[in-house]
Amino acid sequence: MIKNYITSIFLAYSIFSISATSTICYAQNNKHVKTELSSLNKEVLDNILNDNKASYKNGIVADYIPELGKMEAQKIALSVVNEDGKVISVGDVNQKFTIQSISKIIALMIAVNEKGEQNIFDKMGYYGTDKPFNYFANLEGNGKPLNPLMNAGAILTTSLIDGEGEIPFRKILETIRYITKNNTIDYSKTVYNSEKETGHRNRGMFYIMKNSGLIEATDEEKLNNYFKQCSIEVTAEDLAKIGYFFGHQCTRFDGDTKYKNSEVSQLIQSIMLTAGMYEYSGEYSRNVGLPSKSGVGGGITVSVPNKIGIGVFSPALDKQGNSVAGYNMILELVKKYNLSLFN
Ligand code: DON
């Protein structure tokens, strides 16, 4: 009897103390993250940039599009849109670079808004990949691009945006100008010409998809729109605003809700998580744990859902085509503030 009583007291105490402890831990964790994030300032970002800037030496500036190879390797910038929608930037904040593959998430949003998710994904997969961004052998196999963020799927996505000639590209440009509230953004004609002159592999994918009926086109204008969207010039700050936008149900950093749509932001962020860093996406998800998208211009945009947007720039890339110093800065920031979705 006494033994039973003591056991029940002990059990009751244990249950109370476990739940009390976990409640306290949970509250402390939350408080910790909140307090820490509000302490994020220029000095913190400067330290992160300085800790990682030398790591560009472990990468190589892309030159398969000859115009990209002209970028100075040691340029670097880090930008955050904080929880209040305020922009904090350090490093080469005014340095413009081409958005490249990061434009693919904007094109996907426009195509899905116009045609609906089902229509777009009838023509391509939701797969991740163990292959580089310009892989397309599977177009012969299952006949469809693996996902909308590898080149084949991205060329198809842009070709599905309504409008003749340059109109789909103009929509992408205007959407980027809207999200960043930066009407000075334009595309680089020299990078565009360089992409167009040397993009024979992309041209190959375009014609395979035209041959299989996925792309309806009478000339190469729909492919040119893809080359143009990749040549749009942005700064790290613009990328932080794009990250914030997708992390906040497509709400702009200043609170404007013109595009607000939680279905679309869920879709885009889930694809960013599984395929945004190409064949590095799985390992990136393990280490960083946040929806992100890279471009061979050296930029990466990161969405920290319902918290902040991060934009980085450093043009030297690893073998998968992701910015080396950019990745290292993201990793340090994410670890410092416990930002992984899987914490
Ligand atoms: O089509 C291309 O190859 C480039 N314009 C874009 C590729 C890219 O950014 C891949 N990202 N890391």
# chains A, B, ... in the order shown; residues from 1 in each chain; ligands from 1

$ closest_atom_pairs --of "chain A" --to "ligand 1" --cutoff "9 Å" --atoms "only C-alpha atoms and all ligand atoms" --output "tab-separated table"
residue	atom	partner	partner_atom_place_in_ligand_line	distance
A:Tyr64	CA	ligand 1	3 (O)	8.1
A:Ile65	CA	ligand 1	3 (O)	7.6
A:Thr98	CA	ligand 1	9 (O)	8.9
A:Ile99	CA	ligand 1	9 (O)	7.4
A:Gln100	CA	ligand 1	9 (O)	4.2
A:Ser101	CA	ligand 1	9 (O)	3.6
A:Ile102	CA	ligand 1	9 (O)	6.8
A:Ser103	CA	ligand 1	9 (O)	8.6
A:Lys104	CA	ligand 1	9 (O)	8.9
A:Pro132	CA	ligand 1	10 (C)	8.5
A:Phe133	CA	ligand 1	10 (C)	5.7
A:Asn134	CA	ligand 1	3 (O)	6.4
A:Leu149	CA	ligand 1	10 (C)	8.5
A:Met150	CA	ligand 1	10 (C)	7.4
A:Asn151	CA	ligand 1	1 (O)	5.8
A:Ala152	CA	ligand 1	1 (O)	8.9
A:Ala154	CA	ligand 1	1 (O)	8.8
A:Ile155	CA	ligand 1	1 (O)	8.5
A:Tyr192	CA	ligand 1	5 (N)	8.8
A:Glu195	CA	ligand 1	5 (N)	6.5
A:Gly199	CA	ligand 1	1 (O)	7.0
A:Arg201	CA	ligand 1	3 (O)	8.3
A:Asn202	CA	ligand 1	1 (O)	6.4
A:Tyr226	CA	ligand 1	1 (O)	7.8
A:Phe227	CA	ligand 1	5 (N)	6.1
A:Lys228	CA	ligand 1	5 (N)	8.6
A:Gln229	CA	ligand 1	5 (N)	8.3
A:Cys230	CA	ligand 1	5 (N)	5.0
A:Ser231	CA	ligand 1	5 (N)	7.3
A:Gly276	CA	ligand 1	12 (N)	8.4
A:Met277	CA	ligand 1	12 (N)	7.0
A:Tyr278	CA	ligand 1	12 (N)	7.4
A:Lys293	CA	ligand 1	12 (N)	8.0
A:Ser294	CA	ligand 1	12 (N)	5.1
A:Gly295	CA	ligand 1	9 (O)	3.6
A:Val296	CA	ligand 1	9 (O)	3.9
A:Gly297	CA	ligand 1	9 (O)	6.5
A:Gly298	CA	ligand 1	12 (N)	8.0
A:Gly299	CA	ligand 1	12 (N)	8.6
A:Ile300	CA	ligand 1	12 (N)	8.9
A:Leu317	CA	ligand 1	12 (N)	8.7
A:Gln320	CA	ligand 1	12 (N)	7.2
A:Gly321	CA	ligand 1	12 (N)	4.6
A:Asn322	CA	ligand 1	12 (N)	5.6
A:Ser323	CA	ligand 1	12 (N)	8.4

$ select_by_dssp --residues "segment 106-187 of chain A" --states "helix (DSSP H, G or I)" --output "short mmCIF file (atom, residue, chain, number, x, y, z; two decimals) with N, CA, C and O atoms, in the first residue's frame"
data_model
loop_
_atom_site.label_atom_id
_atom_site.label_comp_id
_atom_site.auth_asym_id
_atom_site.auth_seq_id
_atom_site.Cartn_x
_atom_site.Cartn_y
_atom_site.Cartn_z
N ILE A 106 10.81 32.61 -59.53
CA ILE A 106 9.88 33.69 -59.89
C ILE A 106 9.04 33.22 -61.09
O ILE A 106 7.80 33.38 -61.10
N ALA A 107 9.71 32.62 -62.08
CA ALA A 107 8.99 32.12 -63.26
C ALA A 107 7.97 31.05 -62.84
O ALA A 107 6.84 31.02 -63.34
N LEU A 108 8.37 30.22 -61.89
CA LEU A 108 7.45 29.16 -61.43
C LEU A 108 6.21 29.77 -60.78
O LEU A 108 5.08 29.33 -61.03
N MET A 109 6.41 30.79 -59.97
CA MET A 109 5.26 31.43 -59.32
C MET A 109 4.30 31.99 -60.38
O MET A 109 3.08 31.79 -60.29
N ILE A 110 4.86 32.65 -61.39
CA ILE A 110 4.00 33.26 -62.41
C ILE A 110 3.24 32.17 -63.18
O ILE A 110 2.03 32.26 -63.39
N ALA A 111 3.96 31.13 -63.60
CA ALA A 111 3.33 30.05 -64.37
C ALA A 111 2.21 29.37 -63.56
O ALA A 111 1.12 29.10 -64.07
N VAL A 112 2.49 29.12 -62.27
CA VAL A 112 1.48 28.45 -61.42
C VAL A 112 0.29 29.39 -61.18
O VAL A 112 -0.87 28.95 -61.21
N ASN A 113 0.55 30.68 -60.98
CA ASN A 113 -0.56 31.63 -60.79
C ASN A 113 -1.45 31.69 -62.03
O ASN A 113 -2.67 31.84 -61.93
N GLU A 114 -0.83 31.54 -63.21
CA GLU A 114 -1.62 31.63 -64.45
C GLU A 114 -2.33 30.32 -64.80
O GLU A 114 -3.48 30.32 -65.23
N LYS A 115 -1.62 29.21 -64.64
CA LYS A 115 -2.15 27.94 -65.17
C LYS A 115 -2.61 26.96 -64.09
O LYS A 115 -3.25 25.96 -64.40
N GLU A 117 -1.23 24.74 -60.43
CA GLU A 117 -0.13 23.80 -60.15
C GLU A 117 -0.25 22.52 -60.97
O GLU A 117 0.73 22.04 -61.55
N GLN A 118 -1.45 21.98 -61.05
CA GLN A 118 -1.66 20.70 -61.74
C GLN A 118 -1.19 20.74 -63.19
O GLN A 118 -0.49 19.84 -63.67
N ASN A 119 -1.59 21.81 -63.88
CA ASN A 119 -1.22 21.95 -65.29
C ASN A 119 0.29 21.99 -65.49
O ASN A 119 0.81 21.42 -66.45
N ILE A 120 0.98 22.68 -64.61
CA ILE A 120 2.44 22.80 -64.73
C ILE A 120 3.09 21.45 -64.40
O ILE A 120 3.96 20.96 -65.14
N PHE A 121 2.64 20.82 -63.31
CA PHE A 121 3.31 19.60 -62.86
C PHE A 121 2.81 18.34 -63.58
O PHE A 121 3.35 17.26 -63.36
N ASN A 138 17.17 12.36 -68.85
CA ASN A 138 15.87 11.76 -68.49
C ASN A 138 14.74 12.20 -69.43
O ASN A 138 13.67 11.59 -69.44
N LEU A 139 14.97 13.27 -70.22
CA LEU A 139 13.93 13.68 -71.18
C LEU A 139 13.67 12.56 -72.19
O LEU A 139 12.59 12.46 -72.77
N GLU A 140 14.67 11.73 -72.40
CA GLU A 140 14.51 10.57 -73.28
C GLU A 140 13.81 9.43 -72.55
O GLU A 140 13.14 8.62 -73.15
N GLY A 141 13.99 9.36 -71.22
CA GLY A 141 13.42 8.26 -70.43
C GLY A 141 11.95 8.48 -70.15
O GLY A 141 11.09 8.07 -70.93
N ASN A 151 17.63 23.10 -65.43
CA ASN A 151 17.43 23.91 -66.64
C ASN A 151 16.26 23.44 -67.51
O ASN A 151 15.48 24.27 -67.98
N ALA A 152 16.15 22.12 -67.73
CA ALA A 152 15.09 21.63 -68.62
C ALA A 152 13.71 22.07 -68.12
O ALA A 152 12.90 22.64 -68.87
N GLY A 153 13.46 21.85 -66.81
CA GLY A 153 12.16 22.22 -66.23
C GLY A 153 11.96 23.72 -66.24
O GLY A 153 10.83 24.22 -66.41
N ALA A 154 13.04 24.47 -66.05
CA ALA A 154 12.92 25.93 -66.01
C ALA A 154 12.63 26.50 -67.40
O ALA A 154 11.82 27.42 -67.54
N ILE A 155 13.28 25.93 -68.41
CA ILE A 155 13.01 26.40 -69.79
C ILE A 155 11.54 26.11 -70.13
O ILE A 155 10.83 26.95 -70.71
N LEU A 156 11.07 24.93 -69.73
CA LEU A 156 9.67 24.58 -69.97
C LEU A 156 8.73 25.51 -69.19
O LEU A 156 7.74 26.02 -69.74
N THR A 157 9.04 25.76 -67.92
CA THR A 157 8.18 26.63 -67.09
C THR A 157 8.02 28.00 -67.74
O THR A 157 6.89 28.52 -67.87
N THR A 158 9.13 28.60 -68.16
CA THR A 158 9.06 29.94 -68.77
C THR A 158 8.25 29.89 -70.06
O THR A 158 7.48 30.81 -70.36
N SER A 159 8.39 28.78 -70.80
CA SER A 159 7.63 28.69 -72.06
C SER A 159 6.12 28.54 -71.80
O SER A 159 5.31 28.75 -72.70
N ILE A 167 6.92 39.02 -73.81
CA ILE A 167 5.99 39.28 -72.68
C ILE A 167 6.29 38.41 -71.44
O ILE A 167 6.36 38.94 -70.33
N PRO A 168 6.51 37.09 -71.59
CA PRO A 168 6.80 36.29 -70.38
C PRO A 168 8.03 36.80 -69.63
O PRO A 168 8.02 36.88 -68.40
N PHE A 169 9.07 37.16 -70.37
CA PHE A 169 10.26 37.71 -69.71
C PHE A 169 9.92 39.01 -68.98
O PHE A 169 10.34 39.23 -67.83
N ARG A 170 9.14 39.89 -69.63
CA ARG A 170 8.77 41.18 -69.00
C ARG A 170 8.01 40.93 -67.70
O ARG A 170 8.16 41.67 -66.73
N LYS A 171 7.16 39.88 -67.68
CA LYS A 171 6.41 39.56 -66.45
C LYS A 171 7.38 39.17 -65.33
O LYS A 171 7.20 39.56 -64.18
N ILE A 172 8.39 38.39 -65.69
CA ILE A 172 9.38 37.96 -64.68
C ILE A 172 10.13 39.19 -64.14
O ILE A 172 10.27 39.36 -62.93
N LEU A 173 10.56 40.05 -65.06
CA LEU A 173 11.29 41.27 -64.67
C LEU A 173 10.42 42.15 -63.75
O LEU A 173 10.87 42.61 -62.70
N GLU A 174 9.17 42.36 -64.17
CA GLU A 174 8.28 43.23 -63.38
C GLU A 174 8.01 42.63 -62.00
O GLU A 174 7.90 43.35 -61.01
N THR A 175 7.90 41.30 -61.93
CA THR A 175 7.64 40.65 -60.64
C THR A 175 8.85 40.84 -59.72
O THR A 175 8.70 41.10 -58.51
N ILE A 176 10.05 40.71 -60.27
CA ILE A 176 11.26 40.92 -59.45
C ILE A 176 11.33 42.38 -58.99
O ILE A 176 11.66 42.67 -57.83
N ARG A 177 10.99 43.29 -59.89
CA ARG A 177 10.96 44.71 -59.50
C ARG A 177 9.95 44.96 -58.39
O ARG A 177 10.19 45.73 -57.47
N TYR A 178 8.80 44.29 -58.48
CA TYR A 178 7.76 44.45 -57.46
C TYR A 178 8.26 43.91 -56.10
O TYR A 178 8.19 44.61 -55.08
N ILE A 179 8.77 42.67 -56.11
CA ILE A 179 9.17 42.02 -54.84
C ILE A 179 10.26 42.83 -54.14
O ILE A 179 10.28 42.95 -52.91
N THR A 180 11.18 43.39 -54.94
CA THR A 180 12.31 44.11 -54.37
C THR A 180 12.01 45.60 -54.20
O THR A 180 12.80 46.33 -53.62
#

$ closest_atom_pairs --of "segment 122-229 of chain A" --to "segment 279-289 of chain A" --cutoff "6 Å" --atoms "only C-alpha atoms" --output "CSV"
residue,atom,partner,partner_atom,distance
A:Thr129,CA,A:Glu279,CA,5.4
A:Asp130,CA,A:Glu279,CA,4.5
A:Lys131,CA,A:Glu279,CA,5.6

$ residues_around --residues "Leu45 of chain A" --least-positions-apart "5" --cutoff "10 Å" --atoms "only C-alpha atoms" --output "list in words"
Leu40, Asn50, Asp51, Ala77, Leu78, Ser79, Val80, Ile88, Ser89, Val90, Gly91, Met329, Glu332 and Leu333 of chain A

$ select_by_dssp --residues "segment 46-224 of chain A" --states "strand (DSSP E or B)" --output "MDAnalysis selection string"
chainID A and resid 60:61 77:81 87:91 97:98 187

$ residues_around --residues "Ala240 of chain A" --least-positions-apart "5" --cutoff "9 Å" --atoms "only C-alpha atoms" --output "PyMOL selection string"
chain A and resi 78-81+87+180+235+245+300-303+308-312

$ atom_distance --atom1 "atom CA of Glu221 of chain A" --atom2 "atom CA of Val191 of chain A"
16.6 Å

$ closest_residue --among "A:Asp92, A:Glu36, A:Asp238, A:Glu67" --to "Leu49 of chain A" --atoms "only C-alpha atoms"
A:Asp92

$ closest_residue --among "A:Ile161, A:Val44, A:Leu223, A:Leu267" --to "Tyr207 of chain A" --atoms "only C-alpha atoms"
A:Leu223

$ closest_residue --among "A:Phe253, A:Gly247, A:Glu72, A:Ile242" --to "Leu341 of chain A" --atoms "only C-alpha atoms"
A:Gly247

$ residues_around --residues "segment 83-85 of chain A" --least-positions-apart "4" --cutoff "9 Å" --atoms "only C-alpha atoms" --output "list in words"
Leu37, Ser38, Lys241, Tyr244, Arg252, Phe253, Asp254, Gly255, Asn306, Lys307, Ile308 and Gly309 of chain A

$ write_last_selection --atoms "all heavy atoms" --output "mmCIF file, in the first residue's frame"
data_model
loop_
_atom_site.group_PDB
_atom_site.id
_atom_site.type_symbol
_atom_site.label_atom_id
_atom_site.label_comp_id
_atom_site.auth_asym_id
_atom_site.auth_seq_id
_atom_site.Cartn_x
_atom_site.Cartn_y
_atom_site.Cartn_z
ATOM 1 N N LEU A 37 17.269 36.754 -32.639
ATOM 2 C CA LEU A 37 17.019 37.319 -33.968
ATOM 3 C C LEU A 37 16.862 38.830 -33.922
ATOM 4 O O LEU A 37 17.277 39.526 -34.828
ATOM 5 C CB LEU A 37 15.772 36.687 -34.595
ATOM 6 C CG LEU A 37 16.041 35.588 -35.617
ATOM 7 C CD1 LEU A 37 14.739 35.089 -36.218
ATOM 8 C CD2 LEU A 37 16.982 36.045 -36.718
ATOM 9 N N SER A 38 16.267 39.315 -32.847
ATOM 10 C CA SER A 38 16.114 40.774 -32.769
ATOM 11 C C SER A 38 17.462 41.448 -32.511
ATOM 12 O O SER A 38 17.606 42.652 -32.671
ATOM 13 C CB SER A 38 15.073 41.159 -31.717
ATOM 14 O OG SER A 38 15.522 40.735 -30.467
ATOM 15 N N LYS A 241 15.256 40.147 -50.111
ATOM 16 C CA LYS A 241 13.827 40.505 -50.218
ATOM 17 C C LYS A 241 13.036 39.370 -50.886
ATOM 18 O O LYS A 241 11.880 39.114 -50.529
ATOM 19 C CB LYS A 241 13.666 41.802 -51.005
ATOM 20 C CG LYS A 241 14.163 43.025 -50.234
ATOM 21 C CD LYS A 241 14.149 44.252 -51.113
ATOM 22 C CE LYS A 241 14.625 45.485 -50.364
ATOM 23 N NZ LYS A 241 14.799 46.640 -51.262
ATOM 24 N N TYR A 244 12.615 36.696 -48.239
ATOM 25 C CA TYR A 244 11.587 37.119 -47.282
ATOM 26 C C TYR A 244 10.185 36.899 -47.869
ATOM 27 O O TYR A 244 9.277 36.396 -47.203
ATOM 28 C CB TYR A 244 11.790 38.599 -46.944
ATOM 29 C CG TYR A 244 10.820 39.142 -45.922
ATOM 30 C CD1 TYR A 244 11.156 39.223 -44.574
ATOM 31 C CD2 TYR A 244 9.545 39.579 -46.320
ATOM 32 C CE1 TYR A 244 10.255 39.711 -43.634
ATOM 33 C CE2 TYR A 244 8.644 40.065 -45.387
ATOM 34 C CZ TYR A 244 9.002 40.135 -44.050
ATOM 35 O OH TYR A 244 8.101 40.611 -43.133
ATOM 36 N N ARG A 252 5.284 41.051 -49.491
ATOM 37 C CA ARG A 252 6.507 41.827 -49.680
ATOM 38 C C ARG A 252 7.071 42.306 -48.338
ATOM 39 O O ARG A 252 6.344 42.415 -47.360
ATOM 40 C CB ARG A 252 6.208 43.022 -50.605
ATOM 41 C CG ARG A 252 7.431 43.700 -51.134
ATOM 42 C CD ARG A 252 7.117 44.582 -52.317
ATOM 43 N NE ARG A 252 6.303 45.741 -51.957
ATOM 44 C CZ ARG A 252 5.916 46.679 -52.818
ATOM 45 N NH1 ARG A 252 6.264 46.588 -54.097
ATOM 46 N NH2 ARG A 252 5.181 47.688 -52.424
ATOM 47 N N PHE A 253 8.362 42.630 -48.331
ATOM 48 C CA PHE A 253 9.044 43.031 -47.079
ATOM 49 C C PHE A 253 8.406 44.249 -46.409
ATOM 50 O O PHE A 253 8.516 44.428 -45.207
ATOM 51 C CB PHE A 253 10.544 43.298 -47.336
ATOM 52 C CG PHE A 253 10.809 44.497 -48.210
ATOM 53 C CD1 PHE A 253 11.157 45.726 -47.657
ATOM 54 C CD2 PHE A 253 10.700 44.406 -49.581
ATOM 55 C CE1 PHE A 253 11.387 46.833 -48.458
ATOM 56 C CE2 PHE A 253 10.922 45.514 -50.399
ATOM 57 C CZ PHE A 253 11.260 46.724 -49.833
ATOM 58 N N ASP A 254 7.701 45.101 -47.198
ATOM 59 C CA ASP A 254 7.059 46.285 -46.597
ATOM 60 C C ASP A 254 5.613 46.001 -46.207
ATOM 61 O O ASP A 254 4.874 46.911 -45.834
ATOM 62 C CB ASP A 254 7.123 47.479 -47.555
ATOM 63 C CG ASP A 254 6.335 47.226 -48.835
ATOM 64 O OD1 ASP A 254 5.883 46.071 -49.049
ATOM 65 O OD2 ASP A 254 6.172 48.171 -49.628
ATOM 66 N N GLY A 255 5.201 44.719 -46.322
ATOM 67 C CA GLY A 255 3.859 44.336 -45.888
ATOM 68 C C GLY A 255 2.824 44.316 -47.001
ATOM 69 O O GLY A 255 1.672 43.924 -46.780
ATOM 70 N N ASN A 306 8.405 32.653 -42.065
ATOM 71 C CA ASN A 306 7.798 33.546 -41.075
ATOM 72 C C ASN A 306 8.809 34.272 -40.184
ATOM 73 O O ASN A 306 8.454 34.797 -39.131
ATOM 74 C CB ASN A 306 6.771 32.801 -40.212
ATOM 75 C CG ASN A 306 5.680 32.242 -41.093
ATOM 76 O OD1 ASN A 306 5.117 32.952 -41.916
ATOM 77 N ND2 ASN A 306 5.413 30.950 -40.963
ATOM 78 N N LYS A 307 10.049 34.284 -40.623
ATOM 79 C CA LYS A 307 11.063 35.024 -39.849
ATOM 80 C C LYS A 307 11.786 36.026 -40.754
ATOM 81 O O LYS A 307 11.351 37.158 -40.860
ATOM 82 C CB LYS A 307 12.039 34.050 -39.203
ATOM 83 C CG LYS A 307 11.396 33.238 -38.074
ATOM 84 C CD LYS A 307 12.430 32.549 -37.219
ATOM 85 C CE LYS A 307 11.759 31.844 -36.049
ATOM 86 N NZ LYS A 307 11.933 30.400 -36.088
ATOM 87 N N ILE A 308 12.860 35.574 -41.380
ATOM 88 C CA ILE A 308 13.679 36.535 -42.128
ATOM 89 C C ILE A 308 13.970 36.032 -43.550
ATOM 90 O O ILE A 308 13.723 34.871 -43.872
ATOM 91 C CB ILE A 308 15.026 36.807 -41.411
ATOM 92 C CG1 ILE A 308 15.868 35.524 -41.308
ATOM 93 C CG2 ILE A 308 14.783 37.394 -40.026
ATOM 94 C CD1 ILE A 308 17.274 35.734 -40.767
ATOM 95 N N GLY A 309 14.502 36.921 -44.376
ATOM 96 C CA GLY A 309 15.000 36.541 -45.698
ATOM 97 C C GLY A 309 16.500 36.819 -45.719
ATOM 98 O O GLY A 309 16.959 37.806 -45.136
#
